[in-house]
file target.pdb (PDB, C-alpha atoms)
ATOM      1  CA  MET A   1      -8.436  40.715 -12.860  1.00  0.00           C
ATOM      2  CA  LYS A   2     -11.402  38.362 -12.436  1.00  0.00           C
ATOM      3  CA  SER A   3      -9.580  35.345 -13.933  1.00  0.00           C
ATOM      4  CA  PRO A   4      -6.907  35.056 -11.183  1.00  0.00           C
ATOM      5  CA  LEU A   5      -9.586  35.364  -8.491  1.00  0.00           C
ATOM      6  CA  ILE A   6     -11.785  32.735 -10.110  1.00  0.00           C
ATOM      7  CA  PHE A   7      -8.779  30.424 -10.536  1.00  0.00           C
ATOM      8  CA  ALA A   8      -7.731  30.897  -6.871  1.00  0.00           C
ATOM      9  CA  ALA A   9     -11.288  30.233  -5.697  1.00  0.00           C
ATOM     10  CA  ALA A  10     -11.508  27.078  -7.812  1.00  0.00           C
ATOM     11  CA  ILE A  11      -8.215  25.780  -6.396  1.00  0.00           C
ATOM     12  CA  SER A  12      -9.343  26.501  -2.828  1.00  0.00           C
ATOM     13  CA  ILE A  13     -12.672  24.752  -3.339  1.00  0.00           C
ATOM     14  CA  SER A  14     -11.103  21.675  -4.976  1.00  0.00           C
ATOM     15  CA  THR A  15      -8.462  21.430  -2.224  1.00  0.00           C
ATOM     16  CA  LEU A  16     -11.144  21.689   0.454  1.00  0.00           C
ATOM     17  CA  ALA A  17     -13.302  19.056  -1.267  1.00  0.00           C
ATOM     18  CA  TYR A  18     -10.287  16.740  -1.576  1.00  0.00           C
ATOM     19  CA  SER A  19      -9.351  17.055   2.103  1.00  0.00           C
ATOM     20  CA  GLN A  20     -12.961  16.494   3.225  1.00  0.00           C
ATOM     21  CA  SER A  21     -13.230  13.257   1.250  1.00  0.00           C
ATOM     22  CA  THR A  22      -9.914  11.787   2.414  1.00  0.00           C
ATOM     23  CA  PRO A  23     -10.577   8.623   4.445  1.00  0.00           C
ATOM     24  CA  ASP A  24      -8.645   7.902   7.633  1.00  0.00           C
ATOM     25  CA  LEU A  25      -6.325   4.981   6.854  1.00  0.00           C
ATOM     26  CA  LYS A  26      -4.628   4.771  10.247  1.00  0.00           C
ATOM     27  CA  GLY A  27      -4.677   1.377  11.894  1.00  0.00           C
ATOM     28  CA  THR A  28      -3.541  -2.196  11.359  1.00  0.00           C
ATOM     29  CA  TRP A  29      -4.704  -3.784   8.103  1.00  0.00           C
ATOM     30  CA  ALA A  30      -4.160  -7.568   8.132  1.00  0.00           C
ATOM     31  CA  GLY A  31      -4.640 -10.358   5.617  1.00  0.00           C
ATOM     32  CA  THR A  32      -3.159 -13.370   3.851  1.00  0.00           C
ATOM     33  CA  SER A  33      -1.372 -12.724   0.566  1.00  0.00           C
ATOM     34  CA  ASN A  34      -1.665 -14.720  -2.630  1.00  0.00           C
ATOM     35  CA  THR A  35       1.913 -14.517  -3.831  1.00  0.00           C
ATOM     36  CA  THR A  36       3.992 -15.781  -6.741  1.00  0.00           C
ATOM     37  CA  VAL A  37       7.708 -15.711  -5.917  1.00  0.00           C
ATOM     38  CA  ILE A  38      10.664 -16.479  -8.144  1.00  0.00           C
ATOM     39  CA  GLY A  39      13.820 -16.733  -6.051  1.00  0.00           C
ATOM     40  CA  ALA A  40      13.776 -15.614  -2.406  1.00  0.00           C
ATOM     41  CA  GLY A  41      13.314 -12.378  -0.503  1.00  0.00           C
ATOM     42  CA  GLN A  42      12.823 -10.769   2.886  1.00  0.00           C
ATOM     43  CA  HIS A  43       9.205 -11.887   3.321  1.00  0.00           C
ATOM     44  CA  HIS A  44       9.872 -15.069   1.304  1.00  0.00           C
ATOM     45  CA  PRO A  45      13.081 -16.577   2.705  1.00  0.00           C
ATOM     46  CA  GLY A  46      14.819 -19.565   1.188  1.00  0.00           C
ATOM     47  CA  ASN A  47      17.734 -20.625  -0.952  1.00  0.00           C
ATOM     48  CA  GLU A  48      15.759 -21.074  -4.145  1.00  0.00           C
ATOM     49  CA  PRO A  49      17.508 -20.191  -7.391  1.00  0.00           C
ATOM     50  CA  MET A  50      15.973 -17.544  -9.642  1.00  0.00           C
ATOM     51  CA  LYS A  51      14.353 -20.187 -11.843  1.00  0.00           C
ATOM     52  CA  THR A  52      12.309 -21.685  -8.998  1.00  0.00           C
ATOM     53  CA  VAL A  53       8.688 -20.540  -8.872  1.00  0.00           C
ATOM     54  CA  ARG A  54       6.819 -20.746  -5.576  1.00  0.00           C
ATOM     55  CA  PHE A  55       3.181 -20.011  -4.788  1.00  0.00           C
ATOM     56  CA  ARG A  56       2.857 -18.757  -1.230  1.00  0.00           C
ATOM     57  CA  ASN A  57       0.305 -17.444   1.222  1.00  0.00           C
ATOM     58  CA  VAL A  58       1.849 -15.108   3.783  1.00  0.00           C
ATOM     59  CA  GLU A  59       0.187 -13.400   6.760  1.00  0.00           C
ATOM     60  CA  LEU A  60       0.863  -9.655   6.452  1.00  0.00           C
ATOM     61  CA  GLN A  61       0.129  -6.566   8.500  1.00  0.00           C
ATOM     62  CA  PHE A  62       0.157  -3.069   7.032  1.00  0.00           C
ATOM     63  CA  ILE A  63       0.408  -0.731  10.011  1.00  0.00           C
ATOM     64  CA  ILE A  64      -0.398   2.862   9.080  1.00  0.00           C
ATOM     65  CA  ASP A  65       0.559   5.089  11.990  1.00  0.00           C
ATOM     66  CA  GLN A  66       0.861   8.546  10.402  1.00  0.00           C
ATOM     67  CA  GLN A  67      -1.421  10.374   8.005  1.00  0.00           C
ATOM     68  CA  LYS A  68      -1.712  13.970   6.873  1.00  0.00           C
ATOM     69  CA  GLY A  69      -4.429  14.428   4.263  1.00  0.00           C
ATOM     70  CA  PRO A  70      -3.864  11.896   1.493  1.00  0.00           C
ATOM     71  CA  ASN A  71      -0.240  11.195   2.547  1.00  0.00           C
ATOM     72  CA  PHE A  72       0.584   8.406   4.988  1.00  0.00           C
ATOM     73  CA  SER A  73       3.369   6.198   6.298  1.00  0.00           C
ATOM     74  CA  GLY A  74       3.835   3.117   8.400  1.00  0.00           C
ATOM     75  CA  LYS A  75       5.326  -0.344   8.161  1.00  0.00           C
ATOM     76  CA  LEU A  76       4.765  -3.733   6.567  1.00  0.00           C
ATOM     77  CA  VAL A  77       5.233  -6.700   8.900  1.00  0.00           C
ATOM     78  CA  SER A  78       5.428 -10.436   8.180  1.00  0.00           C
ATOM     79  CA  ALA A  79       6.717 -13.302  10.322  1.00  0.00           C
ATOM     80  CA  THR A  80      10.200 -12.863   8.822  1.00  0.00           C
ATOM     81  CA  TYR A  81      10.668  -9.135   8.127  1.00  0.00           C
ATOM     82  CA  GLU A  82       9.541  -5.586   8.850  1.00  0.00           C
ATOM     83  CA  GLU A  83      10.013  -2.580   6.561  1.00  0.00           C
ATOM     84  CA  VAL A  84       8.835   1.006   6.231  1.00  0.00           C
ATOM     85  CA  LEU A  85       6.012   2.122   3.933  1.00  0.00           C
ATOM     86  CA  ALA A  86       5.247   5.464   2.316  1.00  0.00           C
ATOM     87  CA  GLY A  87       1.953   6.033   0.541  1.00  0.00           C
ATOM     88  CA  VAL A  88      -0.584   8.419  -0.906  1.00  0.00           C
ATOM     89  CA  LEU A  89      -4.268   8.256  -1.785  1.00  0.00           C
ATOM     90  CA  SER A  90      -5.313   9.273  -5.272  1.00  0.00           C
ATOM     91  CA  HIS A  91      -7.869  12.017  -5.803  1.00  0.00           C
ATOM     92  CA  ASP A  92     -10.724   9.519  -5.919  1.00  0.00           C
ATOM     93  CA  GLY A  93     -10.159   8.810  -2.192  1.00  0.00           C
ATOM     94  CA  LYS A  94     -10.475   5.051  -2.815  1.00  0.00           C
ATOM     95  CA  SER A  95      -7.191   4.019  -4.428  1.00  0.00           C
ATOM     96  CA  GLY A  96      -3.530   4.916  -4.322  1.00  0.00           C
ATOM     97  CA  VAL A  97       0.048   3.754  -4.237  1.00  0.00           C
ATOM     98  CA  MET A  98       2.644   2.739  -1.652  1.00  0.00           C
ATOM     99  CA  ALA A  99       6.335   1.923  -1.719  1.00  0.00           C
ATOM    100  CA  ASP A 100       8.562  -0.063   0.616  1.00  0.00           C
ATOM    101  CA  GLU A 101      12.307  -0.729   0.562  1.00  0.00           C
ATOM    102  CA  ASP A 102      12.286  -2.704  -2.681  1.00  0.00           C
ATOM    103  CA  GLY A 103       8.937  -2.544  -4.433  1.00  0.00           C
ATOM    104  CA  THR A 104       5.657  -0.800  -5.107  1.00  0.00           C
ATOM    105  CA  PHE A 105       2.024  -1.360  -4.208  1.00  0.00           C
ATOM    106  CA  SER A 106      -1.279  -0.281  -5.634  1.00  0.00           C
ATOM    107  CA  PHE A 107      -4.314  -0.407  -3.405  1.00  0.00           C
ATOM    108  CA  LYS A 108      -8.050   0.092  -3.441  1.00  0.00           C
ATOM    109  CA  LEU A 109     -10.466   0.556  -0.575  1.00  0.00           C
ATOM    110  CA  VAL A 110     -13.266  -1.971  -1.083  1.00  0.00           C
ATOM    111  CA  GLY A 111     -15.132  -1.058   2.100  1.00  0.00           C
ATOM    112  CA  LYS A 112     -14.706   1.182   5.143  1.00  0.00           C
ATOM    113  CA  ASN A 113     -12.438  -1.399   6.780  1.00  0.00           C
ATOM    114  CA  LYS A 114     -11.312  -3.492   3.782  1.00  0.00           C
ATOM    115  CA  MET A 115      -8.482  -2.765   1.384  1.00  0.00           C
ATOM    116  CA  GLU A 116      -7.067  -4.820  -1.479  1.00  0.00           C
ATOM    117  CA  ILE A 117      -3.314  -4.282  -1.750  1.00  0.00           C
ATOM    118  CA  CYS A 118      -1.246  -5.569  -4.698  1.00  0.00           C
ATOM    119  CA  TYR A 119       2.549  -5.560  -4.811  1.00  0.00           C
ATOM    120  CA  THR A 120       5.325  -6.124  -7.353  1.00  0.00           C
ATOM    121  CA  HIS A 121       9.083  -6.036  -7.490  1.00  0.00           C
ATOM    122  CA  ALA A 122      11.723  -7.360  -9.832  1.00  0.00           C
ATOM    123  CA  LYS A 123      15.285  -7.622  -8.519  1.00  0.00           C
ATOM    124  CA  SER A 124      18.307  -9.721  -9.297  1.00  0.00           C
ATOM    125  CA  SER A 125      17.553 -11.932  -6.273  1.00  0.00           C
ATOM    126  CA  SER A 126      13.771 -12.274  -6.632  1.00  0.00           C
ATOM    127  CA  ILE A 127      10.627 -11.428  -8.536  1.00  0.00           C
ATOM    128  CA  VAL A 128       7.420 -11.055  -6.541  1.00  0.00           C
ATOM    129  CA  ALA A 129       3.774 -10.447  -7.472  1.00  0.00           C
ATOM    130  CA  ALA A 130       1.185 -10.495  -4.685  1.00  0.00           C
ATOM    131  CA  CYS A 131      -2.321  -9.375  -3.815  1.00  0.00           C
ATOM    132  CA  THR A 132      -3.748  -9.295  -0.307  1.00  0.00           C
ATOM    133  CA  LEU A 133      -7.287  -8.556   0.811  1.00  0.00           C
ATOM    134  CA  THR A 134      -6.824  -6.860   4.171  1.00  0.00           C
ATOM    135  CA  GLU A 135      -9.199  -5.925   6.944  1.00  0.00           C
ATOM    136  CA  ARG A 136      -8.621  -3.195   9.502  1.00  0.00           C
ATOM    137  CA  LYS A 137      -8.349  -4.658  12.997  1.00  0.00           C
TER     138      LYS A 137
END
call {"tool": "encode", "arguments": {"input": "target.pdb", "output": "structure tokens"}}
result
Amino acid sequence: MKSPLIFAAAISISTLAYSQSTPDLKGTWAGTSNTTVIGAGQHHPGNEPMKTVRFRNVELQFIIDQQKGPNFSGKLVSATYEEVLAGVLSHDGKSGVMADEDGTFSFKLVGKNKMEICYTHAKSSSIVAACTLTERK
């Protein structure tokens, strides 16, 4: 009888500790990406064939407008495209993952208002690898 109660108490305490340590990510995080692009894509327009490699720097905004505990959503905006984002913080409260319409991100908080966000996707029309150091505005 004691084991289920101890287990339930442990779950409650760990859930409470997790929710108390979850940082507020809401806001606009902006920065300039360091990007390697093969081909072309929504944030990297052009008519380049898949064998053409480009090194680009793109101004990006990650706008997080909803958050419930470690879960959040928002949008990614560049000069040429806007798309939705879904994300979640990991249990460490400092890193996590996001996804947009065609790729995935990993991120790490490197300060209260600084986040490094790295992105990859591989499609038939483009391959993209990028990292952006963002600051909350």
call {"tool": "closest_residue", "arguments": {"input": "target.pdb", "among": "A:Asp100, A:Asp24, A:Asp92, A:Glu59", "to": "Gly74 of chain A", "atoms": "all atoms listed in the file"}}
result
A:Asp100
call {"tool": "closest_residue", "arguments": {"input": "target.pdb", "among": "A:Thr120, A:Ser78, A:Ser73, A:Ser90", "to": "Ser21 of chain A", "atoms": "all atoms listed in the file"}}
result
A:Ser90
call {"tool": "residues_around", "arguments": {"input": "target.pdb", "residues": "segment 33-45 of chain A", "least_positions_apart": "6", "cutoff": "6 Å", "atoms": "only C-alpha atoms", "output": "ChimeraX atom specification"}}
result
/A:52-58,80-81,126-132
call {"tool": "residues_near_point", "arguments": {"input": "target.pdb", "point": "(3.4, 7.6, -0.6)", "cutoff": "8 Å", "atoms": "all atoms listed in the file", "output": "JSON, numbers by chain"}}
result
{"A": [71, 72, 73, 85, 86, 87, 88, 89, 97, 98, 99]}
call {"tool": "atom_distance", "arguments": {"input": "target.pdb", "atom1": "atom CA of Met115 of chain A", "atom2": "atom CA of Thr134 of chain A"}}
result
5.2 Å
call {"tool": "atom_distance", "arguments": {"input": "target.pdb", "atom1": "atom CA of Arg136 of chain A", "atom2": "atom CA of Pro23 of chain A"}}
result
13.0 Å
call {"tool": "residues_near_point", "arguments": {"input": "target.pdb", "point": "(4.3, -1.2, 6.1)", "cutoff": "7 Å", "atoms": "all atoms listed in the file", "output": "list of chain:residue names"}}
result
A:Phe62, A:Ile63, A:Ile64, A:Gly74, A:Lys75, A:Leu76, A:Val77, A:Glu83, A:Val84, A:Leu85
call {"tool": "atom_distance", "arguments": {"input": "target.pdb", "atom1": "atom CA of Ser124 of chain A", "atom2": "atom CA of Met50 of chain A"}}
result
8.2 Å
call {"tool": "closest_residue", "arguments": {"input": "target.pdb", "among": "A:Pro49, A:Gly111, A:Asp65, A:Phe105", "to": "Thr28 of chain A", "atoms": "only C-alpha atoms"}}
result
A:Asp65
call {"tool": "closest_residue", "arguments": {"input": "target.pdb", "among": "A:Ser95, A:Asn47, A:Thr22, A:Gln67", "to": "Lys114 of chain A", "atoms": "all atoms listed in the file"}}
result
A:Ser95
call {"tool": "build_atoms", "arguments": {"input": "target.pdb", "residues": "segment 44-65 of chain A", "atoms": "N, CA, C and O atoms", "output": "CSV table (one decimal), keeping the file's coordinate frame"}}
result
chain,number,residue,atom,x,y,z
A,44,HIS,N,9.9,-13.7,1.9
A,44,HIS,CA,9.9,-15.1,1.3
A,44,HIS,C,11.2,-15.7,1.4
A,44,HIS,O,11.9,-15.9,0.3
A,45,PRO,N,11.7,-16.0,2.6
A,45,PRO,CA,13.1,-16.6,2.7
A,45,PRO,C,13.2,-18.0,2.1
A,45,PRO,O,12.3,-18.7,1.9
A,46,GLY,N,14.5,-18.3,1.8
A,46,GLY,CA,14.8,-19.6,1.2
A,46,GLY,C,16.1,-19.5,0.4
A,46,GLY,O,16.7,-18.4,0.2
A,47,ASN,N,16.5,-20.6,-0.1
A,47,ASN,CA,17.7,-20.6,-1.0
A,47,ASN,C,17.4,-21.0,-2.4
A,47,ASN,O,18.2,-21.5,-3.1
A,48,GLU,N,16.2,-20.7,-2.8
A,48,GLU,CA,15.8,-21.1,-4.1
A,48,GLU,C,16.5,-20.3,-5.2
A,48,GLU,O,16.7,-19.1,-5.1
A,49,PRO,N,16.9,-20.9,-6.3
A,49,PRO,CA,17.5,-20.2,-7.4
A,49,PRO,C,16.4,-19.4,-8.1
A,49,PRO,O,15.2,-19.6,-8.0
A,50,MET,N,16.9,-18.4,-8.9
A,50,MET,CA,16.0,-17.5,-9.6
A,50,MET,C,15.0,-18.3,-10.6
A,50,MET,O,14.0,-17.7,-11.0
A,51,LYS,N,15.3,-19.5,-10.9
A,51,LYS,CA,14.4,-20.2,-11.8
A,51,LYS,C,13.3,-20.9,-11.1
A,51,LYS,O,12.4,-21.5,-11.7
A,52,THR,N,13.3,-21.0,-9.8
A,52,THR,CA,12.3,-21.7,-9.0
A,52,THR,C,11.1,-20.8,-8.7
A,52,THR,O,11.2,-19.7,-8.1
A,53,VAL,N,9.9,-21.3,-9.1
A,53,VAL,CA,8.7,-20.5,-8.9
A,53,VAL,C,8.0,-21.2,-7.7
A,53,VAL,O,7.9,-22.4,-7.5
A,54,ARG,N,7.6,-20.3,-6.8
A,54,ARG,CA,6.8,-20.7,-5.6
A,54,ARG,C,5.5,-20.0,-5.5
A,54,ARG,O,5.5,-18.8,-5.8
A,55,PHE,N,4.5,-20.7,-5.1
A,55,PHE,CA,3.2,-20.0,-4.8
A,55,PHE,C,3.0,-20.0,-3.3
A,55,PHE,O,3.0,-21.1,-2.7
A,56,ARG,N,2.9,-18.8,-2.7
A,56,ARG,CA,2.9,-18.8,-1.2
A,56,ARG,C,1.7,-18.0,-0.7
A,56,ARG,O,1.1,-17.1,-1.5
A,57,ASN,N,1.3,-18.2,0.5
A,57,ASN,CA,0.3,-17.4,1.2
A,57,ASN,C,1.0,-17.0,2.5
A,57,ASN,O,1.4,-17.8,3.3
A,58,VAL,N,1.1,-15.7,2.7
A,58,VAL,CA,1.8,-15.1,3.8
A,58,VAL,C,0.9,-14.2,4.6
A,58,VAL,O,0.3,-13.3,4.0
A,59,GLU,N,0.9,-14.3,5.9
A,59,GLU,CA,0.2,-13.4,6.8
A,59,GLU,C,0.9,-12.1,6.8
A,59,GLU,O,2.1,-12.0,7.1
A,60,LEU,N,0.2,-11.0,6.5
A,60,LEU,CA,0.9,-9.7,6.5
A,60,LEU,C,0.1,-8.7,7.3
A,60,LEU,O,-1.2,-8.8,7.4
A,61,GLN,N,0.8,-7.7,7.8
A,61,GLN,CA,0.1,-6.6,8.5
A,61,GLN,C,0.7,-5.3,7.9
A,61,GLN,O,1.9,-5.1,7.8
A,62,PHE,N,-0.2,-4.4,7.5
A,62,PHE,CA,0.2,-3.1,7.0
A,62,PHE,C,-0.3,-2.1,8.1
A,62,PHE,O,-1.5,-1.9,8.4
A,63,ILE,N,0.7,-1.6,8.9
A,63,ILE,CA,0.4,-0.7,10.0
A,63,ILE,C,0.6,0.7,9.6
A,63,ILE,O,1.8,1.2,9.4
A,64,ILE,N,-0.5,1.4,9.5
A,64,ILE,CA,-0.4,2.9,9.1
A,64,ILE,C,-0.5,3.7,10.4
A,64,ILE,O,-1.6,3.7,11.0
A,65,ASP,N,0.6,4.4,10.7
A,65,ASP,CA,0.6,5.1,12.0
A,65,ASP,C,0.6,6.6,11.8
A,65,ASP,O,0.5,7.3,12.8
